[in-house]
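What's in start-v7.cif: mmCIF, C-alpha atoms
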data_upload
loop_
_atom_site.label_atom_id
_atom_site.label_comp_id
_atom_site.auth_asym_id
_atom_site.auth_seq_id
_atom_site.Cartn_x
_atom_site.Cartn_y
_atom_site.Cartn_z
CA MET A 1 -76.08 264.52 -92.88
CA SER A 2 -77.45 261.51 -91.01
CA GLN A 3 -76.60 261.07 -87.35
CA ALA A 4 -74.07 258.35 -86.46
CA PRO A 5 -75.70 255.29 -84.87
CA ASP A 6 -75.10 254.65 -81.18
CA GLY A 7 -72.81 251.71 -81.96
CA ASN A 8 -70.54 253.93 -84.07
CA GLN A 9 -67.32 254.95 -82.30
CA PHE A 10 -67.90 258.55 -83.41
CA SER A 11 -71.43 258.73 -81.98
CA PRO A 12 -72.16 261.10 -79.06
CA ARG A 13 -72.86 258.14 -76.79
CA MET A 14 -69.50 256.51 -77.44
CA LYS A 15 -67.67 259.81 -77.05
CA GLY A 16 -69.59 260.43 -73.85
CA GLY A 17 -68.22 257.17 -72.46
CA GLN A 18 -64.68 258.29 -73.26
CA VAL A 19 -65.24 261.61 -71.48
CA ALA A 20 -66.71 259.84 -68.46
CA SER A 21 -63.66 257.55 -68.30
CA ARG A 22 -61.30 260.54 -68.36
CA ILE A 23 -63.28 262.29 -65.62
CA GLU A 24 -63.11 259.18 -63.42
CA THR A 25 -59.36 259.10 -64.02
CA GLN A 26 -59.19 262.66 -62.67
CA ASP A 27 -60.87 261.49 -59.45
CA SER A 28 -58.45 258.60 -58.87
CA VAL A 29 -55.40 260.75 -59.73
CA ALA A 30 -56.61 263.49 -57.40
CA LEU A 31 -56.97 261.08 -54.49
CA ILE A 32 -53.55 259.47 -54.94
CA VAL A 33 -51.81 262.81 -55.50
CA ALA A 34 -53.52 264.24 -52.41
CA ILE A 35 -52.33 261.33 -50.25
CA GLU A 36 -48.80 261.68 -51.64
CA ALA A 37 -48.92 265.38 -50.74
CA ILE A 38 -50.15 264.63 -47.20
CA GLY A 39 -47.27 262.20 -46.72
CA GLY A 40 -44.66 264.60 -48.11
CA ARG A 41 -44.09 262.31 -51.09
CA LEU A 42 -45.34 264.51 -53.93
CA ALA A 43 -42.53 265.92 -56.05
CA ASP A 44 -42.28 269.74 -55.91
CA ALA A 45 -44.75 270.03 -53.00
CA PRO A 46 -43.38 271.12 -49.59
CA TYR A 47 -43.23 268.32 -47.00
CA ASP A 48 -45.41 270.42 -44.67
CA VAL A 49 -48.01 271.25 -47.32
CA VAL A 50 -50.85 270.34 -44.93
CA GLU A 51 -49.72 273.00 -42.44
CA ARG A 52 -49.47 275.51 -45.30
CA VAL A 53 -53.21 275.23 -45.94
CA GLY A 54 -52.66 272.67 -48.69
CA ARG A 55 -55.68 271.95 -50.87
CA VAL A 56 -56.74 270.26 -54.09
CA SER A 57 -58.79 272.21 -56.64
CA PHE A 58 -60.48 270.96 -59.79
CA GLU A 59 -60.69 272.40 -63.30
CA LYS A 60 -59.69 275.95 -62.50
CA VAL A 61 -56.44 276.32 -64.40
CA ASP A 62 -56.15 272.67 -65.43
CA ASP A 63 -57.61 269.29 -64.50
CA ILE A 64 -56.22 269.37 -60.96
CA GLU A 65 -54.21 271.86 -58.93
CA VAL A 66 -52.46 271.18 -55.65
CA ARG A 67 -52.24 274.58 -53.97
CA TRP A 68 -50.75 276.01 -50.82
CA ASP A 69 -49.94 279.53 -49.71
CA HIS A 70 -47.87 281.12 -52.50
CA GLY A 71 -47.41 277.84 -54.38
CA VAL A 72 -49.16 275.57 -56.89
CA ILE A 73 -48.65 272.35 -58.83
CA VAL A 74 -50.73 272.16 -61.97
CA VAL A 75 -51.64 268.57 -62.86
CA SER A 76 -52.69 267.53 -66.36
CA VAL A 77 -54.44 264.14 -66.41
CA LYS A 78 -54.33 261.94 -69.50
CA ASP A 79 -56.13 258.64 -69.99
CA LYS A 80 -54.34 257.59 -73.17
CA SER A 81 -50.78 256.91 -74.21
CA LEU A 82 -48.79 260.05 -75.07
CA GLY A 83 -46.39 260.49 -77.97
CA LEU A 84 -43.59 263.04 -78.34
CA SER A 85 -45.83 265.62 -80.00
CA ASP A 86 -48.37 265.27 -77.16
CA LEU A 87 -45.69 265.85 -74.50
CA LYS A 88 -44.28 268.89 -76.30
CA ALA A 89 -47.78 270.33 -76.70
CA GLU A 90 -48.38 269.96 -72.96
CA LEU A 91 -45.20 271.88 -72.10
CA VAL A 92 -46.07 274.62 -74.57
CA ARG A 93 -49.48 274.87 -72.93
CA PHE A 94 -47.91 275.02 -69.47
CA ALA A 95 -45.65 277.87 -70.60
CA ALA A 96 -48.69 279.78 -71.89
CA LEU A 97 -50.43 279.58 -68.49
CA GLY A 98 -48.02 282.11 -67.02
CA MET A 99 -48.37 280.62 -63.54
CA SER A 100 -44.94 281.84 -62.41
CA SER A 101 -46.16 285.43 -62.41
CA SER A 102 -49.05 284.60 -60.04
CA TYR A 103 -47.20 282.42 -57.52
CA MET A 104 -43.85 282.49 -55.78
CA TYR A 105 -43.50 278.86 -56.81
CA ALA A 106 -45.23 277.08 -59.69
CA ALA A 107 -44.62 273.56 -60.98
CA PHE A 108 -46.32 271.29 -63.48
CA ARG A 109 -47.12 267.59 -63.60
CA ILE A 110 -48.32 265.27 -66.35
CA GLU A 111 -50.05 262.04 -65.29
CA ALA A 112 -50.13 259.59 -68.20
CA PRO A 113 -50.82 255.82 -68.31
CA SER A 114 -48.02 255.13 -70.81
CA LEU A 115 -45.76 256.58 -73.51
CA SER A 116 -45.87 255.63 -77.18
CA GLY A 117 -42.89 255.71 -79.49
CA SER A 118 -39.14 255.96 -78.94
CA GLY A 119 -39.30 259.74 -79.23
CA ALA A 120 -41.55 260.04 -76.18
CA ARG A 121 -39.37 257.68 -74.13
CA THR A 122 -36.22 259.58 -75.12
CA PHE A 123 -37.93 262.83 -74.13
CA ALA A 124 -38.75 261.36 -70.71
CA ASP A 125 -35.08 260.39 -70.22
CA ASP A 126 -33.91 263.85 -71.31
CA LEU A 127 -36.41 265.44 -68.93
CA GLU A 128 -34.90 263.43 -66.06
CA ARG A 129 -31.43 264.58 -67.13
CA LEU A 130 -32.62 268.19 -67.17
CA HIS A 131 -34.03 267.84 -63.66
CA SER A 132 -30.83 266.39 -62.25
CA VAL A 133 -28.70 269.13 -63.78
CA ALA A 134 -31.06 271.84 -62.50
CA ALA A 135 -30.92 270.31 -59.01
CA SER A 136 -27.11 270.16 -59.02
CA GLY A 137 -26.77 273.93 -58.77
CA ILE A 138 -23.86 274.03 -61.22
CA ILE A 139 -24.75 277.09 -63.27
CA SER A 140 -22.41 276.51 -66.20
CA GLU A 141 -23.67 272.95 -66.66
CA TRP A 142 -27.28 274.11 -66.37
CA ILE A 143 -26.81 276.79 -69.05
CA GLN A 144 -25.29 274.25 -71.44
CA CYS A 145 -28.02 271.66 -70.74
CA ARG A 146 -30.76 274.28 -71.08
CA ASN A 147 -29.49 275.46 -74.45
CA ASP A 148 -29.15 271.89 -75.73
CA PHE A 149 -32.70 271.04 -74.62
CA ASP A 150 -34.08 274.18 -76.28
CA SER A 151 -32.32 273.42 -79.56
CA VAL A 152 -33.43 269.76 -79.68
CA TYR A 153 -37.07 270.18 -78.68
CA GLY A 154 -37.79 273.83 -79.39
CA ILE A 155 -39.58 274.36 -76.06
CA SER A 156 -38.68 276.22 -72.87
CA ALA A 157 -36.17 274.30 -70.76
CA LYS A 158 -37.20 276.43 -67.77
CA VAL A 159 -40.77 275.11 -67.95
CA ALA A 160 -39.50 271.59 -68.63
CA ALA A 161 -37.29 271.72 -65.53
CA ASN A 162 -40.39 272.51 -63.47
CA THR A 163 -42.44 269.69 -65.02
CA VAL A 164 -42.70 266.16 -63.66
CA LEU A 165 -43.72 263.41 -66.04
CA SER A 166 -45.42 260.64 -64.08
CA VAL A 167 -46.05 257.51 -66.14
CA ARG A 168 -48.41 255.14 -64.29
CA ASP A 169 -51.84 253.80 -65.13
CA LEU A 170 -54.23 255.53 -62.72
CA ARG A 171 -57.42 255.03 -64.68
CA ARG A 172 -60.27 254.41 -62.23
CA ASP A 173 -60.98 250.81 -63.27
CA ALA A 174 -57.37 249.72 -63.77
CA ALA A 175 -56.01 247.07 -61.39
CA THR A 176 -52.73 248.98 -61.20
CA THR A 177 -54.59 251.99 -59.77
CA ARG A 178 -55.74 250.07 -56.72
CA ALA A 179 -52.31 248.53 -56.23
CA ILE A 180 -50.63 251.95 -56.42
CA PHE A 181 -53.24 253.40 -54.07
CA ALA A 182 -52.72 250.60 -51.51
CA SER A 183 -48.94 250.98 -51.67
CA THR A 184 -49.10 254.78 -51.38
CA PHE A 185 -51.67 254.63 -48.59
CA ARG A 186 -49.60 252.17 -46.54
CA SER A 187 -46.49 254.34 -46.95
CA VAL A 188 -48.30 257.39 -45.55
CA PHE A 189 -50.75 256.02 -42.97
CA PRO A 190 -50.28 253.30 -40.29
CA VAL A 191 -52.42 250.63 -41.96
CA GLN A 192 -49.96 247.79 -42.53
CA ASN A 193 -52.38 245.37 -40.88
CA PHE A 194 -55.32 246.27 -43.10
CA SER A 195 -56.21 244.03 -46.01
CA ASP A 196 -56.12 245.01 -49.67
CA VAL A 197 -59.89 244.50 -49.77
CA ALA A 198 -60.35 247.12 -47.04
CA LEU A 199 -58.08 249.57 -48.87
CA VAL A 200 -59.89 249.02 -52.18
CA SER A 201 -63.15 249.77 -50.38
CA LEU A 202 -61.59 252.95 -49.00
CA PHE A 203 -60.37 253.90 -52.48
CA ASP A 204 -63.85 253.50 -53.95
CA GLU A 205 -65.39 255.43 -51.04
CA TYR A 206 -63.05 258.42 -51.20
CA THR A 207 -62.93 258.74 -54.98
CA SER A 208 -66.74 258.81 -55.00
CA SER A 209 -67.50 260.80 -51.86
CA HIS A 210 -64.61 263.26 -51.68
CA MET A 211 -63.06 263.70 -55.09
CA ALA A 212 -65.94 263.12 -57.51
CA LYS A 213 -68.38 265.17 -55.45
CA SER A 214 -65.88 268.02 -55.04
CA ARG A 215 -65.08 268.00 -58.75
CA ARG A 216 -68.76 268.21 -59.72
CA ARG A 217 -69.30 271.13 -57.36
CA ARG A 218 -65.96 272.78 -58.18
CA ARG A 219 -65.25 272.57 -54.47
CA THR A 220 -61.76 272.72 -52.99
CA VAL A 221 -60.65 269.76 -50.85
CA LEU A 222 -58.54 270.79 -47.87
CA LEU A 223 -55.74 268.29 -47.27
CA ARG A 224 -56.16 268.75 -43.51
CA GLU A 225 -59.80 267.67 -43.68
CA LEU A 226 -58.95 264.68 -45.87
CA GLN A 227 -56.12 263.67 -43.55
CA ASP A 228 -58.32 263.94 -40.45
CA ALA A 229 -61.12 261.92 -42.07
CA ILE A 230 -58.66 259.15 -42.92
CA LEU A 231 -56.78 259.18 -39.62
CA LEU A 232 -59.78 259.19 -37.28
CA PRO A 233 -60.61 255.48 -37.61
CA LEU A 234 -56.91 254.56 -37.47
CA LEU A 235 -56.21 256.17 -34.11
CA PRO A 236 -56.45 253.94 -31.04
CA VAL A 237 -59.77 254.46 -29.30
CA ASP A 238 -58.14 254.97 -25.90
CA PHE A 239 -55.92 257.70 -27.36
CA ILE A 240 -58.92 259.56 -28.79
CA ALA A 241 -60.93 259.10 -25.62
CA SER A 242 -58.11 260.37 -23.40
CA SER A 243 -57.62 263.53 -25.46
CA SER A 244 -61.21 264.34 -26.45
CA SER A 245 -61.91 266.32 -23.25
CA TYR A 246 -58.76 268.42 -23.48
CA LEU A 247 -58.02 271.77 -25.09
CA ARG A 248 -54.55 272.47 -26.41
CA THR A 249 -52.89 275.74 -25.35
CA PRO A 250 -49.44 277.18 -26.19
CA ILE A 251 -48.15 275.87 -22.84
CA GLY A 252 -49.87 272.49 -22.68
CA TYR A 253 -53.29 270.91 -22.28
CA VAL A 254 -56.20 271.81 -20.05
CA LEU A 255 -59.60 270.19 -19.49
CA ASP A 256 -62.29 271.91 -21.51
CA PRO A 257 -65.51 272.09 -19.45
CA ARG A 258 -67.68 272.27 -22.57
CA ARG A 259 -66.12 269.14 -24.04
CA GLN A 260 -66.45 267.38 -20.71
CA VAL A 261 -70.16 268.16 -20.60
CA ALA A 262 -70.64 267.03 -24.22
CA ASN A 263 -68.71 263.79 -23.63
CA ALA A 264 -70.62 263.07 -20.43
CA ARG A 265 -73.91 263.61 -22.26
CA ASP A 266 -72.87 261.27 -25.06
CA TYR A 267 -71.91 258.62 -22.53
CA SER A 268 -75.23 259.01 -20.71
CA LEU A 269 -77.23 258.70 -23.94
CA LYS A 270 -75.22 255.66 -25.04
CA ARG A 271 -75.70 253.96 -21.67
CA ALA A 272 -79.46 254.66 -21.71
CA ALA A 273 -79.84 253.34 -25.28
CA TYR A 274 -77.86 250.24 -24.33
CA LYS A 275 -80.13 249.56 -21.34
CA ASN A 276 -83.21 249.96 -23.52
CA ILE A 277 -81.92 247.32 -25.94
CA LEU A 278 -80.98 245.04 -23.09
CA ARG A 279 -84.53 245.21 -21.70
CA ARG A 280 -85.89 244.34 -25.13
CA TRP A 281 -83.45 241.42 -25.39
CA TRP A 282 -84.38 239.98 -22.00
CA LYS A 283 -88.09 240.41 -22.70
CA HIS A 284 -87.73 238.50 -25.97
CA THR A 285 -85.49 235.66 -24.73
CA TRP A 286 -86.65 234.93 -21.16
CA LYS A 287 -89.15 232.25 -22.22
CA MET A 288 -86.49 230.50 -24.31
CA THR A 289 -84.08 230.62 -21.38
CA LEU A 290 -86.70 229.24 -18.97
CA ALA A 291 -87.58 226.39 -21.34
CA ASP A 292 -83.90 225.50 -21.64
CA PHE A 293 -83.55 225.31 -17.85
CA LEU A 294 -86.76 223.36 -17.22
CA TYR A 295 -87.09 220.74 -19.93
CA ARG A 296 -85.54 221.43 -23.32
CA GLY A 297 -81.86 221.56 -22.50
CA PRO A 298 -79.43 224.21 -23.75
CA ILE A 299 -78.47 224.97 -27.33
CA ARG A 300 -74.76 224.38 -27.76
CA CYS A 301 -72.21 226.71 -29.29
CA PRO A 302 -71.49 225.98 -33.00
CA MET A 303 -67.80 226.67 -32.43
CA CYS A 304 -66.87 224.89 -29.18
CA ASN A 305 -70.03 222.88 -28.31
CA HIS A 306 -70.28 224.62 -24.94
CA ALA A 307 -73.78 225.04 -23.49
CA VAL A 308 -74.81 228.61 -24.30
CA VAL A 309 -78.02 228.89 -22.27
CA ARG A 310 -76.43 231.53 -20.02
CA ALA A 311 -75.49 233.67 -23.02
CA MET A 312 -79.06 234.83 -23.44
CA ILE A 313 -79.24 236.25 -19.91
CA GLY A 314 -75.95 238.11 -20.13
CA THR A 315 -75.49 241.84 -20.50
CA ARG A 316 -73.86 241.86 -23.95
CA GLY A 317 -76.42 239.99 -25.99
CA PHE A 318 -75.61 236.53 -27.29
CA VAL A 319 -71.98 235.61 -26.44
CA CYS A 320 -70.74 232.10 -25.64
CA SER A 321 -69.18 232.06 -22.18
CA GLY A 322 -66.97 229.14 -23.20
CA CYS A 323 -65.08 230.51 -26.21
CA GLY A 324 -66.43 234.03 -26.73
CA TYR A 325 -68.22 233.12 -29.95
CA GLN A 326 -70.93 235.57 -30.95
CA PRO A 327 -73.06 234.85 -34.00
CA PHE A 328 -74.36 238.40 -34.34
CA LEU A 329 -73.11 241.95 -34.03
CA THR A 330 -74.99 245.16 -34.70
CA VAL A 331 -73.41 248.61 -34.59
CA LEU A 332 -75.84 251.19 -33.23
CA TYR A 333 -76.07 254.94 -32.62
CA ALA A 334 -77.51 256.45 -29.45
CA CYS A 335 -80.11 259.09 -30.33
CA ASP A 336 -80.97 262.13 -28.21
CA CYS A 337 -84.22 260.40 -27.22
CA ARG A 338 -82.20 257.47 -25.76
CA SER A 339 -83.28 255.10 -28.52
CA ALA A 340 -80.83 253.03 -30.55
CA VAL A 341 -80.56 253.50 -34.31
CA PRO A 342 -79.01 250.55 -36.23
CA LEU A 343 -76.12 251.53 -38.51
CA VAL A 344 -74.41 248.33 -39.67
CA ARG A 345 -75.38 244.70 -39.22
CA GLN A 346 -72.63 242.06 -39.13
CA PRO A 347 -69.79 244.54 -39.71
CA SER A 348 -66.24 243.62 -40.66
CA THR A 349 -63.73 243.08 -37.85
CA ASP A 350 -61.32 245.35 -39.75
CA GLY A 351 -61.51 248.75 -38.01
CA LEU A 352 -60.91 250.67 -41.21
CA ALA A 353 -63.53 248.65 -43.06
CA VAL A 354 -66.05 249.19 -40.25
CA PHE A 355 -65.57 252.94 -40.48
CA THR A 356 -65.95 252.80 -44.27
CA GLU A 357 -69.15 250.79 -43.87
CA LEU A 358 -70.52 253.33 -41.40
CA VAL A 359 -69.73 256.28 -43.63
CA SER A 360 -71.11 254.53 -46.71
CA GLU A 361 -74.31 253.63 -44.90
CA ILE A 362 -74.95 257.18 -43.69
CA ARG A 363 -74.14 258.73 -47.06
CA ARG A 364 -76.14 256.21 -49.03
CA GLU A 365 -79.23 256.79 -46.98
CA PRO A 366 -79.44 259.52 -44.30
CA ARG A 367 -80.68 257.78 -41.18
CA THR A 368 -83.33 258.99 -38.76
CA CYS A 369 -84.47 257.67 -35.43
CA ASP A 370 -87.67 255.64 -35.65
CA ASN A 371 -88.75 256.95 -32.26
CA CYS A 372 -88.28 260.73 -32.61
CA ASN A 373 -87.44 261.17 -36.32
CA ARG A 374 -84.19 263.03 -35.56
CA ARG A 375 -81.42 262.67 -38.12
CA ILE A 376 -78.07 261.16 -37.20
CA LEU A 377 -75.41 263.86 -36.92
CA PRO A 378 -72.03 262.72 -38.27
CA GLU A 379 -70.18 264.90 -35.77
CA ASN A 380 -71.78 262.94 -32.91
CA MET A 381 -71.08 259.49 -34.31
CA PHE A 382 -67.80 258.80 -32.55
CA GLY A 383 -69.11 259.40 -29.03
CA ARG A 384 -72.43 257.62 -29.51
CA ILE A 385 -71.62 254.44 -31.43
CA PHE A 386 -71.72 251.10 -29.63
CA GLY A 387 -72.15 247.43 -30.45
CA PHE A 388 -74.61 244.78 -29.28
CA SER A 389 -74.23 241.06 -29.87
CA ALA A 390 -77.67 240.28 -31.26
CA PRO A 391 -79.44 240.52 -34.61
CA TRP A 392 -81.54 243.60 -35.35
CA PRO A 393 -84.23 243.95 -34.40
CA VAL A 394 -83.46 241.81 -31.35
CA GLU A 395 -86.96 240.35 -31.59
CA SER A 396 -85.92 238.56 -34.79
CA PHE A 397 -83.67 236.19 -32.84
CA SER A 398 -84.66 232.54 -32.57
CA GLN A 399 -82.76 229.49 -31.39
CA LYS A 400 -83.42 227.89 -34.75
CA MET A 401 -80.78 230.27 -36.13
CA LEU A 402 -78.13 228.60 -33.97
CA ILE A 403 -79.38 225.12 -34.83
CA ASP A 404 -79.10 225.99 -38.54
CA PHE A 405 -75.59 227.36 -37.96
CA ARG A 406 -74.55 224.09 -36.30
CA ILE A 407 -75.97 221.93 -39.08
CA SER A 408 -74.40 224.10 -41.81
CA ILE A 409 -70.86 223.59 -40.49
CA GLY A 410 -71.11 219.87 -39.87
CA TRP A 411 -72.78 219.15 -36.52
CA ASN A 412 -75.18 216.24 -36.17
CA GLY A 413 -76.57 216.50 -32.67
CA PHE A 414 -73.57 216.40 -30.34
CA GLN A 415 -71.27 214.88 -32.97
CA PHE A 416 -69.09 216.96 -35.30
CA ARG A 417 -68.33 215.67 -38.78
CA VAL A 418 -64.61 215.43 -37.90
CA PRO A 419 -64.40 212.97 -34.97
CA GLY A 420 -62.66 214.33 -31.91
CA GLU A 421 -62.63 217.88 -33.23
CA THR A 422 -64.71 221.05 -33.13
CA PRO A 423 -64.59 224.05 -35.46
CA LEU A 424 -62.68 225.87 -32.71
CA THR A 425 -59.97 223.19 -32.41
CA LEU A 426 -59.62 223.10 -36.19
CA LEU A 427 -59.28 226.87 -36.22
CA ASN A 428 -56.60 226.77 -33.53
CA LYS A 429 -54.69 224.12 -35.49
CA GLY A 430 -54.83 226.19 -38.65
CA ALA A 431 -56.86 223.50 -40.40
CA TRP A 432 -59.80 225.81 -41.06
CA ASP A 433 -59.67 229.30 -42.52
CA PRO A 434 -62.94 231.15 -41.80
CA ALA A 435 -62.12 233.67 -44.53
CA ASP A 436 -62.23 230.88 -47.12
CA PRO A 437 -65.41 230.69 -49.22
CA ASP A 438 -65.77 227.04 -48.11
CA ALA A 439 -65.46 227.94 -44.44
CA PHE A 440 -68.68 226.10 -43.62
CA ASN A 441 -67.20 222.82 -44.85
CA PRO A 442 -64.16 222.42 -42.57
CA SER A 443 -62.11 219.25 -42.87
CA VAL A 444 -58.69 217.95 -41.91
CA GLN A 445 -56.50 215.61 -43.86
#
Could you take the file, read its structure, and then write that structure out as structure tokens?
Amino acid sequence: MSQAPDGNQFSPRMKGGQVASRIETQDSVALIVAIEAIGGRLADAPYDVVERVGRVSFEKVDDIEVRWDHGVIVVSVKDKSLGLSDLKAELVRFAALGMSSSYMYAAFRIEAPSLSGSGARTFADDLERLHSVAASGIISEWIQCRNDFDSVYGISAKVAANTVLSVRDLRRDAATTRAIFASTFRSVFPVQNFSDVALVSLFDEYTSSHMAKSRRRRRTVLLRELQDAILLPLLPVDFIASSSSYLRTPIGYVLDPRRQVANARDYSLKRAAYKNILRRWWKHTWKMTLADFLYRGPIRCPMCNHAVVRAMIGTRGFVCSGCGYQPFLTVLYACDCRSAVPLVRQPSTDGLAVFTELVSEIRREPRTCDNCNRRILPENMFGRIFGFSAPWPVESFSQKMLIDFRISIGWNGFQFRVPGETPLTLLNKGAWDPADPDAFNPSVQ
């Protein structure tokens, strides 16, 4: 028999694409289910599942299992519409697993993008009715409902009562998946001020780095670790800083000498790296500054038109003293050798997005210090990260950059294209949105 061509829907390549799509759906379902569990919003999971050593496992009993001490929810992930026969087959399969004999509590969950046929939709309604009767605690009504369900569908009502049918499209590339993720994430974590773009970036990062990697390695994801990784960038910096030197005891908090020493060392390294960059900045810009003072005249700020000659001799890099405008920002890491290692250039101002960028950068390409060849340690990142308002390397800076910035947004010498205005005044009036793709062509009506 001849082999099917690659374009044939029955060819191995086409089937491989279908399998890959289903596997990616597992990753997105696992992430959303895990966040629901962390927030106490996952049906049949205890609200304190994180404290009960909650975890997500892959492809042990089924596609996904949410486990905790003495309990489990088995999750079957589907990437196609399910009919009545498909739903009944799933419940028969659940019954055959015999999970109730291994755990004090066992429940089941089907994640499907849609249902096909009136029979499947009627089954879903009857399943809801079975759940409500089981939850009522009225034994006589439960016995009657159980017997009726058994006679109509020929499957165990006991297993059905412990099964949740979740109909929502969570396929990795579906737009609904990202919308559901953003809604779920905002309901669990304090990120109401974060944009959908930032949350989509987080979704892509965590499905790839946490869920997909754990699934490939058959590794268990602890909900506590996932929660901590998500919460760290959301906590106020002053809160973290104030508690990072303390040790919790049953009767309160006490300063931990070892943490104090570690924090002091991080601060010392960060300060030394900062001073090293500052020396490089002054060495590179002092001739420009001198020329501005003596004969050339200062470059003016693209935003407010304030003279920015003093910005280059400041201690923060290039920052306009008139309006605070800074054309550059580089996030750096202080190495043990007191050198600075660049992590992200021109990062987002969204704290969550900045953290995602940092994590993505480190995971994409493990970074080492150019001076001593030491690798960046993720556990040291929080205490050693700082920002500097200059391009990287600082020697790449030239005043022509600022002149080009001014021309690009409508300056002609000292005159702005909108008479009597500056980009800053337009911004304050709401007549210019910097997030707009045409931000460099501001105008007022």
Self-check item: Chain and number of each residue from the PyMOL selection byres ((chain A and resi 88-98) around 9), as a ChimeraX atom specification
Solution: /A:61,74,76,83-87,99-102,108,110,153-156,159-160,163
Practice problem: List the residues matched by the PyMOL selection byres ((chain A and resi 182) around 10) in the displayed structure as JSON, numbers by chain, ordered by chain and then by residue number. | Solution: {"A": [32, 176, 177, 178, 179, 180, 181, 183, 184, 185, 186, 187, 191, 192, 194, 195, 196, 197, 198, 199, 200, 202, 203]}
Quiz item: What is the CA of Cys372 (chain A) to CA of Ala229 (chain A) distance in Å?
Solution: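 Rounded to one decimal, the two atoms are 28.8 Å apart.
Closest approach to Pro393 (chain A) among A:Thr122, A:Thr368, A:Thr330, A:Asn263 is made by A:Thr330 (distances from only C-alpha atoms).
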Determine the residue membership of the PyMOL selection byres ((chain A and resi 305) around 10) for the file above and supply it as a CSV table (one decimal) with C-alpha atoms, keeping the file's coordinate frame.
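expr-v4.csv, written as the output of this step:
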chain,number,residue,atom,x,y,z
A,299,ILE,CA,-78.5,225.0,-27.3
A,300,ARG,CA,-74.8,224.4,-27.8
A,301,CYS,CA,-72.2,226.7,-29.3
A,302,PRO,CA,-71.5,226.0,-33.0
A,303,MET,CA,-67.8,226.7,-32.4
A,304,CYS,CA,-66.9,224.9,-29.2
A,306,HIS,CA,-70.3,224.6,-24.9
A,307,ALA,CA,-73.8,225.0,-23.5
A,308,VAL,CA,-74.8,228.6,-24.3
A,320,CYS,CA,-70.7,232.1,-25.6
A,322,GLY,CA,-67.0,229.1,-23.2
A,323,CYS,CA,-65.1,230.5,-26.2
A,406,ARG,CA,-74.6,224.1,-36.3
A,411,TRP,CA,-72.8,219.2,-36.5
A,414,PHE,CA,-73.6,216.4,-30.3
A,415,GLN,CA,-71.3,214.9,-33.0
A,416,PHE,CA,-69.1,217.0,-35.3
A,422,THR,CA,-64.7,221.0,-33.1
A,423,PRO,CA,-64.6,224.0,-35.5
A,424,LEU,CA,-62.7,225.9,-32.7
Self-check item: Interatomic distance (Å, one decimal) between CA of Val152 (chain A) and CA of Gly119 (chain A)
Solution: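 CA of Val152 (chain A) sits 11.6 Å away from CA of Gly119 (chain A).
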Self-check item: Atom pair CA of Val66 (chain A) / CA of Ser132 (chain A): separation (Å)
Solution: 23.1 Å
Quiz prompt | Close residues, region 267-280 of chain A itself excluded, 9 Å, all atoms listed in the file, min 2 positions apart in chain, as JSON, numbers by chain | solution = {"A": [262, 263, 264, 265, 282, 283, 284, 285, 315, 316, 317, 333, 334, 335, 336, 337, 338, 339, 340, 383, 384, 385, 386, 387, 388, 394, 395]}
Output of the above residues as a PDB file, in the frame of the given file, restricted to C-alpha atoms:
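What follows is the written file selection26.pdb:
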ATOM      1  CA  ALA A 262     -70.640 267.030 -24.220  1.00  0.00           C
ATOM      2  CA  ASN A 263     -68.710 263.790 -23.630  1.00  0.00           C
ATOM      3  CA  ALA A 264     -70.620 263.070 -20.430  1.00  0.00           C
ATOM      4  CA  ARG A 265     -73.910 263.610 -22.260  1.00  0.00           C
ATOM      5  CA  TRP A 282     -84.380 239.980 -22.000  1.00  0.00           C
ATOM      6  CA  LYS A 283     -88.090 240.410 -22.700  1.00  0.00           C
ATOM      7  CA  HIS A 284     -87.730 238.500 -25.970  1.00  0.00           C
ATOM      8  CA  THR A 285     -85.490 235.660 -24.730  1.00  0.00           C
ATOM      9  CA  THR A 315     -75.490 241.840 -20.500  1.00  0.00           C
ATOM     10  CA  ARG A 316     -73.860 241.860 -23.950  1.00  0.00           C
ATOM     11  CA  GLY A 317     -76.420 239.990 -25.990  1.00  0.00           C
ATOM     12  CA  TYR A 333     -76.070 254.940 -32.620  1.00  0.00           C
ATOM     13  CA  ALA A 334     -77.510 256.450 -29.450  1.00  0.00           C
ATOM     14  CA  CYS A 335     -80.110 259.090 -30.330  1.00  0.00           C
ATOM     15  CA  ASP A 336     -80.970 262.130 -28.210  1.00  0.00           C
ATOM     16  CA  CYS A 337     -84.220 260.400 -27.220  1.00  0.00           C
ATOM     17  CA  ARG A 338     -82.200 257.470 -25.760  1.00  0.00           C
ATOM     18  CA  SER A 339     -83.280 255.100 -28.520  1.00  0.00           C
ATOM     19  CA  ALA A 340     -80.830 253.030 -30.550  1.00  0.00           C
ATOM     20  CA  GLY A 383     -69.110 259.400 -29.030  1.00  0.00           C
ATOM     21  CA  ARG A 384     -72.430 257.620 -29.510  1.00  0.00           C
ATOM     22  CA  ILE A 385     -71.620 254.440 -31.430  1.00  0.00           C
ATOM     23  CA  PHE A 386     -71.720 251.100 -29.630  1.00  0.00           C
ATOM     24  CA  GLY A 387     -72.150 247.430 -30.450  1.00  0.00           C
ATOM     25  CA  PHE A 388     -74.610 244.780 -29.280  1.00  0.00           C
ATOM     26  CA  VAL A 394     -83.460 241.810 -31.350  1.00  0.00           C
ATOM     27  CA  GLU A 395     -86.960 240.350 -31.590  1.00  0.00           C
TER      28      GLU A 395
END
Distance query Lys158 (chain A) at most 10 Å, all atoms listed in the file, self and fewer than 6 positions along chain excluded, as an mmCIF file with C-alpha atoms, in the frame of the given file:
data_model
loop_
_atom_site.group_PDB
_atom_site.id
_atom_site.type_symbol
_atom_site.label_atom_id
_atom_site.label_comp_id
_atom_site.auth_asym_id
_atom_site.auth_seq_id
_atom_site.Cartn_x
_atom_site.Cartn_y
_atom_site.Cartn_z
ATOM 1 C CA ALA A 95 -45.650 277.870 -70.600
ATOM 2 C CA LEU A 130 -32.620 268.190 -67.170
ATOM 3 C CA ALA A 134 -31.060 271.840 -62.500
ATOM 4 C CA ARG A 146 -30.760 274.280 -71.080
ATOM 5 C CA PHE A 149 -32.700 271.040 -74.620
ATOM 6 C CA ASP A 150 -34.080 274.180 -76.280
#
